[in-house]
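*Asks:* Structure file coords-v7.txt (compact mmCIF, C-alpha atoms) right here:
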```txt
# COMPACT_ATOMS: atom_id res chain seq x y z
CA MET A 7 -315.83 165.87 186.47
CA LYS A 8 -312.84 166.19 188.82
CA THR A 9 -310.56 163.23 189.50
CA VAL A 10 -308.99 162.19 192.80
CA ILE A 11 -306.14 159.67 192.48
CA LEU A 12 -305.41 157.49 195.51
CA THR A 13 -302.12 155.59 195.33
CA LEU A 14 -301.53 152.93 197.98
CA THR A 15 -298.00 153.62 199.28
CA ASN A 16 -298.26 152.03 202.75
CA PRO A 17 -300.21 148.74 202.51
CA PRO A 18 -302.01 147.74 205.72
CA GLU A 19 -300.91 144.69 207.69
CA LEU A 20 -304.55 143.87 208.47
CA MET A 21 -307.63 144.60 206.35
CA LEU A 22 -308.47 148.26 205.80
CA GLU A 23 -312.10 149.36 206.14
CA GLY A 24 -312.46 151.89 203.33
CA GLN A 25 -316.14 152.84 203.45
CA ASN A 26 -315.21 156.53 203.33
CA ILE A 27 -313.74 156.04 199.85
CA THR A 28 -316.77 157.24 197.90
CA PRO A 29 -317.53 160.21 195.64
CA ASP A 30 -320.13 161.28 198.21
CA ASN A 31 -317.47 161.64 200.92
CA PHE A 32 -314.86 163.20 198.61
CA ALA A 33 -317.20 165.77 197.02
CA GLY A 34 -316.47 169.37 198.00
CA LYS A 35 -313.15 168.48 199.67
CA LYS A 36 -309.57 169.43 198.87
CA ALA A 37 -306.88 166.74 198.70
CA ALA A 38 -305.71 167.47 202.25
CA GLU A 39 -309.25 167.10 203.60
CA ILE A 40 -309.67 163.79 201.76
CA ALA A 41 -306.38 162.55 203.24
CA ALA A 42 -307.76 163.35 206.71
CA LEU A 43 -310.83 161.12 206.34
CA ASP A 44 -311.00 158.16 208.74
CA VAL A 45 -310.25 154.57 207.86
CA TRP A 46 -309.97 151.59 210.19
CA GLU A 47 -307.26 148.92 210.28
CA GLY A 48 -308.57 146.39 212.79
CA LYS A 49 -309.54 148.48 215.84
CA GLN A 50 -307.09 151.28 214.96
CA LYS A 51 -308.55 154.45 213.42
CA SER A 52 -306.18 156.41 211.19
CA PRO A 53 -306.39 159.06 208.45
CA LEU A 54 -306.63 157.83 204.87
CA GLY A 55 -303.38 159.66 204.10
CA ASN A 56 -301.44 157.22 206.30
CA TYR A 57 -301.96 154.60 203.58
CA PHE A 58 -302.62 156.50 200.36
CA THR A 59 -301.15 159.53 198.68
CA VAL A 60 -303.97 161.78 197.52
CA ALA A 61 -303.74 163.79 194.30
CA GLY A 62 -306.56 166.04 193.14
CA ASP A 63 -309.64 167.58 194.70
CA GLY A 64 -313.21 166.30 194.75
CA GLY A 65 -315.84 167.79 192.50
CA ALA A 66 -318.61 170.03 193.76
CA THR A 67 -320.98 167.06 194.00
CA ALA A 68 -320.67 163.28 194.07
CA ALA A 69 -321.82 163.12 190.46
CA GLU A 70 -318.89 165.38 189.50
CA THR A 71 -316.30 163.28 191.37
CA LYS A 72 -314.22 160.41 189.99
CA ILE A 73 -311.87 158.33 192.17
CA ILE A 74 -309.01 156.24 190.79
CA LEU A 75 -307.29 153.75 193.12
CA ARG A 76 -303.80 152.52 192.24
CA GLY A 77 -301.76 149.84 193.93
CA ASP A 78 -302.67 146.45 195.39
CA CYS A 79 -306.04 146.91 197.13
CA THR A 80 -306.58 143.23 197.99
CA ARG A 81 -306.62 144.27 201.68
CA VAL A 82 -308.96 147.25 201.20
CA LYS A 83 -312.65 146.56 201.89
CA ARG A 84 -315.88 148.50 201.37
CA ILE A 85 -314.74 150.81 198.57
CA GLY A 86 -317.81 152.56 197.17
CA GLN A 87 -320.08 151.41 199.98
CA GLN A 88 -323.43 153.25 199.89
CA MET A 89 -322.28 155.59 197.11
CA THR A 90 -325.06 157.42 195.27
CA ALA A 91 -323.31 158.95 192.24
CA GLY A 92 -319.97 159.53 190.58
CA GLU A 93 -317.38 157.01 189.47
CA ILE A 94 -314.71 154.78 191.02
CA VAL A 95 -312.01 152.94 189.08
CA ILE A 96 -309.90 150.35 190.92
CA GLU A 97 -306.83 149.56 188.80
CA GLY A 98 -306.34 146.03 190.09
CA ASN A 99 -307.77 143.67 192.70
CA ALA A 100 -309.90 144.65 195.71
CA ASP A 101 -311.19 142.99 198.87
CA MET A 102 -314.74 142.40 200.16
CA TYR A 103 -317.94 144.48 200.18
CA ILE A 104 -317.03 146.57 197.11
CA GLY A 105 -320.17 148.50 196.12
CA GLY A 106 -322.18 147.19 199.05
CA TRP A 107 -325.55 148.97 199.41
CA MET A 108 -324.66 151.07 196.39
CA LYS A 109 -327.43 153.37 195.17
CA GLY A 110 -325.97 155.00 192.07
CA GLY A 111 -322.89 155.79 190.05
CA LYS A 112 -320.39 153.33 188.63
CA ILE A 113 -317.56 151.20 190.02
CA HIS A 114 -315.12 149.54 187.62
CA VAL A 115 -312.70 146.99 189.08
CA ARG A 116 -309.92 146.05 186.66
CA GLY A 117 -309.16 142.84 188.50
CA ASN A 118 -310.72 140.40 190.97
CA VAL A 119 -312.83 141.04 194.05
CA ASP A 120 -313.47 138.97 197.16
CA SER A 121 -316.86 138.08 198.68
CA PHE A 122 -320.00 140.10 199.51
CA CYS A 123 -319.56 142.64 196.71
CA GLY A 124 -322.71 144.46 195.62
CA ILE A 125 -324.71 143.14 198.59
CA GLY A 126 -327.96 144.99 199.19
CA MET A 127 -327.31 147.00 196.02
CA GLU A 128 -330.14 149.36 195.05
CA GLY A 129 -328.82 151.05 191.91
CA GLY A 130 -325.79 151.99 189.87
CA GLU A 131 -323.34 149.75 188.04
CA LEU A 132 -320.60 147.46 189.33
CA VAL A 133 -318.26 146.10 186.64
CA ILE A 134 -315.60 143.50 187.52
CA ASP A 135 -313.09 142.54 184.85
CA GLY A 136 -311.88 139.43 186.70
CA ASN A 137 -313.56 136.99 189.10
CA ALA A 138 -315.82 137.63 192.09
CA GLY A 139 -316.02 135.71 195.36
CA HIS A 140 -319.03 134.40 197.23
CA HIS A 141 -322.36 136.12 197.99
CA LEU A 142 -322.21 138.51 195.03
CA GLY A 143 -325.31 140.73 194.96
CA ALA A 144 -326.74 138.79 197.88
CA SER A 145 -328.30 139.82 201.16
CA PRO A 146 -326.17 140.64 204.20
CA ARG A 147 -326.13 137.85 206.76
CA GLY A 148 -329.29 137.98 208.87
CA GLU A 149 -331.15 140.06 206.26
CA TRP A 150 -333.79 138.86 203.80
CA ARG A 151 -333.37 141.65 201.20
CA GLY A 152 -330.59 141.10 198.71
CA MET A 153 -329.86 143.08 195.58
CA GLN A 154 -332.79 145.37 194.75
CA GLY A 155 -331.65 147.25 191.66
CA GLY A 156 -328.76 148.20 189.43
CA LEU A 157 -326.39 146.11 187.33
CA ILE A 158 -323.48 143.86 188.25
CA ARG A 159 -321.33 142.54 185.42
CA VAL A 160 -318.52 140.03 186.07
CA ALA A 161 -316.29 138.97 183.19
CA GLY A 162 -315.00 135.84 184.93
CA ASP A 163 -316.33 133.33 187.45
CA VAL A 164 -318.33 133.82 190.66
CA GLY A 165 -318.38 131.88 193.92
CA ASN A 166 -321.28 130.30 195.76
CA ASP A 167 -324.52 131.98 196.89
CA THR A 168 -324.70 134.56 194.12
CA ALA A 169 -327.90 136.66 194.33
CA THR A 170 -329.29 135.11 197.52
CA PHE A 171 -332.61 136.83 198.32
CA ILE A 172 -332.34 138.96 195.16
CA ASN A 173 -335.33 141.29 194.79
CA GLY A 174 -334.41 143.22 191.65
CA GLY A 175 -331.63 144.33 189.36
CA THR A 176 -329.47 142.29 187.00
CA ILE A 177 -326.31 140.21 187.46
CA ILE A 178 -324.41 139.08 184.36
CA VAL A 179 -321.64 136.50 184.78
CA GLY A 180 -319.36 135.84 181.82
CA GLY A 181 -317.91 132.63 183.28
CA ASP A 182 -319.06 129.88 185.65
CA ALA A 183 -321.03 130.02 188.90
CA ASP A 184 -320.56 127.87 191.99
CA ILE A 185 -323.53 126.36 193.89
CA HIS A 186 -326.64 128.28 194.99
CA VAL A 187 -327.77 130.91 192.49
CA SER A 188 -330.76 133.14 193.40
CA THR A 189 -331.68 131.10 196.46
CA HIS A 190 -334.89 132.57 197.98
CA GLY A 191 -335.09 134.92 194.98
CA GLU A 192 -338.04 137.32 194.94
CA GLY A 193 -337.24 139.04 191.61
CA GLY A 194 -334.40 140.29 189.47
CA THR A 195 -332.42 138.60 186.71
CA VAL A 196 -329.24 136.50 186.84
CA ILE A 197 -327.45 135.52 183.63
CA ILE A 198 -324.74 132.83 183.76
CA LYS A 199 -322.94 132.55 180.41
CA GLY A 200 -320.87 129.57 181.57
CA ASN A 201 -321.77 126.55 183.70
CA ALA A 202 -323.48 126.37 187.10
CA LYS A 203 -322.50 123.71 189.62
CA GLY A 204 -326.01 123.10 190.91
CA ARG A 205 -328.80 124.12 193.28
CA VAL A 206 -329.83 126.85 190.87
CA GLY A 207 -333.00 128.69 191.89
CA GLY A 208 -333.60 126.76 195.10
CA GLN A 209 -336.61 128.10 197.05
CA MET A 210 -337.00 130.82 194.41
CA VAL A 211 -340.38 132.55 194.26
CA LYS A 212 -340.05 135.10 191.42
CA GLY A 213 -337.40 136.33 189.01
CA ASP A 214 -335.42 134.98 186.06
CA ILE A 215 -332.25 132.91 185.69
CA TYR A 216 -330.49 132.21 182.38
CA VAL A 217 -327.77 129.54 182.16
CA TYR A 218 -325.94 129.18 178.86
CA GLY A 219 -323.83 126.17 179.86
CA MET A 220 -324.55 123.03 181.89
CA ILE A 221 -326.26 122.86 185.28
CA GLU A 222 -324.75 120.17 187.45
CA ASN A 223 -327.54 118.36 189.32
CA PRO A 224 -330.60 120.46 188.34
CA LEU A 225 -333.19 120.80 191.09
CA PRO A 226 -336.37 118.69 190.78
CA GLY A 227 -338.51 121.68 191.79
CA PHE A 228 -338.40 123.12 188.27
CA LYS A 229 -340.70 121.88 185.49
CA MET A 230 -340.07 122.38 181.78
CA VAL A 231 -342.95 124.14 180.05
CA GLY A 232 -341.53 124.61 176.55
CA GLU A 233 -338.94 126.41 174.48
CA VAL A 234 -338.78 130.14 173.89
CA GLU A 235 -336.62 132.63 172.01
CA GLN A 236 -335.38 135.40 174.28
CA GLU A 237 -333.13 138.41 173.83
CA VAL A 238 -330.55 138.28 176.62
CA ASP A 239 -327.85 140.90 177.05
CA GLY A 240 -328.53 142.16 173.54
CA VAL A 241 -328.38 138.75 171.79
CA LYS A 242 -331.32 136.51 170.80
CA ALA A 243 -331.12 132.79 171.57
CA LEU A 244 -333.37 129.76 172.04
CA PHE A 245 -333.87 128.50 175.59
CA ALA A 246 -335.66 125.66 177.34
CA HIS A 247 -338.08 127.29 179.77
CA TYR A 248 -338.65 125.90 183.26
CA VAL A 249 -340.87 127.24 186.06
CA GLY A 250 -340.46 126.75 189.81
CA ASP A 251 -339.47 126.34 192.52
CA LEU A 252 -342.68 124.31 192.69
CA GLY A 253 -342.22 123.50 196.37
CA GLU A 254 -342.38 127.18 197.39
CA ARG A 255 -345.21 129.62 197.98
CA HIS A 256 -346.07 131.65 194.88
CA PRO A 257 -348.22 134.76 194.46
CA VAL A 258 -351.32 134.81 192.29
CA SER A 259 -351.81 137.62 189.77
CA LYS A 260 -354.98 137.95 187.69
CA GLY A 261 -355.96 134.46 188.66
CA LYS A 262 -352.66 132.90 187.58
CA THR A 263 -349.85 131.60 189.75
CA VAL A 264 -346.59 133.50 189.32
CA TYR A 265 -343.48 131.31 189.20
CA ALA A 266 -339.78 131.96 188.92
CA ASN A 267 -338.32 131.26 185.47
CA LEU A 268 -335.23 129.23 184.67
CA TYR A 269 -333.97 129.30 181.09
CA THR A 270 -331.25 126.98 179.79
CA ARG A 271 -329.64 127.41 176.38
CA VAL A 272 -330.81 124.92 173.76
```
Just dump the structure as structure tokens.

*Replies:*
Amino acid sequence: MKTVILTLTNPPELMLEGQNITPDNFAGKKAAEIAALDVWEGKQKSPLGNYFTVAGDGGATAAETKIILRGDCTRVKRIGQQMTAGEIVIEGNADMYIGGWMKGGKIHVRGNVDSFCGIGMEGGELVIDGNAGHHLGASPRGEWRGMQGGLIRVAGDVGNDTATFINGGTIIVGGDADIHVSTHGEGGTVIIKGNAKGRVGGQMVKGDIYVYGMIENPLPGFKMVGEVEQEVDGVKALFAHYVGDLGERHPVSKGKTVYANLYTRV
């Protein structure tokens, strides 16, 4: 695997749209060609090299290309958007839409990210060492398909509307979650190892939610059906098992109604 190192030497005054920063776009290119790729700051189009120094060439394919970003990327959006393979390491914080519509590969953020990261994600792995903003792994605004596959792992806390319209994949949150988790969920798994503020699983049809801590103001649309031992993220634990959201439509499979599952740690 070949490594391309991007070092932010000229931070943008506005937000930088960095959707070309992917192994797919860097593959097969020399450093000078990578530096010539377009980025947008507001309505101004400029070459990537106006903001970053570029060291190293891309690999022959996306899968053979690794990108390391250095410097404060809190004003750089859309890193890894729609990537299919390869690896990206962000050595600090990053802005919004990191890993949006990602299909494969791995992104590792060694800091915090803003909102809308991993939206519409279909595959791959997004690892965030710090906190994440709102709408993590959710659907884009105006769309009813959220995260469909892959894994998102956040070590810290997440904002509101995590996993809205989730269809598949797994989100693991090491800290707390704000309101609205898996709203309108149609599948997938969300694991909250801390507390959740409330409105967990509202209008959820299918899928699983695990909450290890307290849920503030649990929704009345979930009914407890018993206790069950489950292995979650490699560790077995006992959970209270609820089904719901009882006020929503639910499919029938083999003569039985399929509900979403909410598990709370006993």

*Asks:* Go through A:Gln209, A:Phe32, A:Gly130, A:Asn118 and flag the residue nearest Val60 of chain A, using all atoms listed in the file for the distances.

*Replies:* A:Phe32

*Asks:* Which polymer residues, whether protein, DNA or RNA, lie within 8 Å of the coordinate (-318.5, 133.4, 196.7) when you count only C-alpha atoms? List them as a ChimeraX atom specification, using the chain letters and numbers from the file.

*Replies:* /A:120-122,138-142,164-168,184

*Asks:* Just give me the gap between atom CA of Arg271 of chain A and atom CA of Ile172 of chain A in Å, one decimal is fine.

*Replies:* 22.2 Å

*Asks:* Any idea what's packed within 9 Å of segment 33-35 of chain A, counting all atoms listed in the file, ignoring anything in its chain fewer than 6 positions away? Could you give it as a list of chain:residue names?

*Replies:*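 That gives A:Asp63, A:Gly64, A:Gly65, A:Ala66, A:Thr67, A:Ala68, A:Ala69, A:Glu70, A:Thr71.
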
*Asks:* What gap, in Å, lies between atom CA of Ser188 of chain A and atom CA of Met153 of chain A?

*Replies:*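 For atom CA of Ser188 of chain A relative to atom CA of Met153 of chain A, the distance reads 10.2 Å.
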
*Asks:* Atom CA of Ile94 of chain A and atom CA of Ala144 of chain A are how many Å apart?

*Replies:*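 If I compute the distance from atom CA of Ile94 of chain A to atom CA of Ala144 of chain A, I get 21.2 Å.
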
*Asks:* Hey, what's within 7 Å of segment 14-27 of chain A if we count all atoms listed in the file and toss same-chain stuff fewer than 4 positions away? As a ChimeraX atom specification, please?

*Replies:* /A:31,45-48,57-59,76-77,81-87

*Asks:* Mind checking which residues fall within 8 Å of Pro146 of chain A, counting all atoms listed in the file, ignoring those fewer than 4 positions away in the same chain, and posting them as a list in words?

*Replies:* Phe122, Ile125, Gly126, Trp150, Arg151 and Gly152 of chain A

*Asks:* Pro53 of chain A: which residues within 10 Å, counting only C-alpha atoms, same-chain residues fewer than 6 positions away excluded, as a ChimeraX atom specification?

*Replies:* /A:39-46

*Asks:* For the residues in the current selection, export C-alpha atoms as a CSV table (one decimal), in the coordinates of the input.

*Replies:*
```
chain,number,residue,atom,x,y,z
A,39,GLU,CA,-309.2,167.1,203.6
A,40,ILE,CA,-309.7,163.8,201.8
A,41,ALA,CA,-306.4,162.6,203.2
A,42,ALA,CA,-307.8,163.4,206.7
A,43,LEU,CA,-310.8,161.1,206.3
A,44,ASP,CA,-311.0,158.2,208.7
A,45,VAL,CA,-310.2,154.6,207.9
A,46,TRP,CA,-310.0,151.6,210.2
```

*Asks:* Within 6 Å of (-312.5, 142.4, 199.0) (file coordinates; only C-alpha atoms), which protein or nucleic acid residues are there? I'd like them as a list in words.

*Replies:*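 Those residues, ordered by chain and then number, are Lys83, Ala100, Asp101, Met102, Tyr103, Val119 and Asp120 of chain A.
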
*Asks:* Suppose we keep C-alpha atoms; can you now write the selection as an mmCIF file, in the frame of the given file?

*Replies:*
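Contents of result25.cif, freshly written:
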```cif
data_model
loop_
_atom_site.group_PDB
_atom_site.id
_atom_site.type_symbol
_atom_site.label_atom_id
_atom_site.label_comp_id
_atom_site.auth_asym_id
_atom_site.auth_seq_id
_atom_site.Cartn_x
_atom_site.Cartn_y
_atom_site.Cartn_z
ATOM 1 C CA LYS A 83 -312.650 146.560 201.890
ATOM 2 C CA ALA A 100 -309.900 144.650 195.710
ATOM 3 C CA ASP A 101 -311.190 142.990 198.870
ATOM 4 C CA MET A 102 -314.740 142.400 200.160
ATOM 5 C CA TYR A 103 -317.940 144.480 200.180
ATOM 6 C CA VAL A 119 -312.830 141.040 194.050
ATOM 7 C CA ASP A 120 -313.470 138.970 197.160
#
```

*Asks:* When distances are computed from all atoms listed in the file, which of A:Val231, A:Ile215, A:Ile185, A:Met7 shows the smallest separation from Ala202 of chain A?

*Replies:*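 Closest to Ala202 of chain A of all the choices is A:Ile185.
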
*Asks:* Of the residues A:Thr270, A:Ser145, A:Gln236, A:Thr80, which is the one nearest to Thr189 of chain A, using all atoms listed in the file?

*Replies:*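 That would be A:Ser145, the residue with the smallest distance to Thr189 of chain A.
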
*Asks:* Choose the residue, out of A:Gly219, A:Gly261, A:Arg205, A:Val238, that has the smallest atom-to-atom separation from Ile177 of chain A; count only C-alpha atoms.

*Replies:*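 Answer, going by the shortest atom-to-atom distance: A:Val238.
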
*Asks:* Please determine, counting all atoms listed in the file, which residue among A:Lys112, A:Lys242, A:His190, A:Arg159 has the shortest atom-to-atom distance to Met210 of chain A.

*Replies:*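 Using all atoms listed in the file, Met210 of chain A sits closest to A:His190.
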
*Asks:* Using only C-alpha atoms, pick whichever of A:Glu233, A:Gly191, A:Gln50, A:Ile221 has the shortest atom-to-atom distance to Tyr265 of chain A.

*Replies:*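 Of A:Glu233, A:Gly191, A:Gln50, A:Ile221, the one nearest Tyr265 of chain A, counting only C-alpha atoms, is A:Gly191.
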
*Asks:* Env of Gly124 of chain A: 7 Å cut, atoms = only C-alpha atoms, seq-sep filter 4 positions within chain, self excluded. Answer as a ChimeraX atom specification.

*Replies:* /A:103-108,142-143
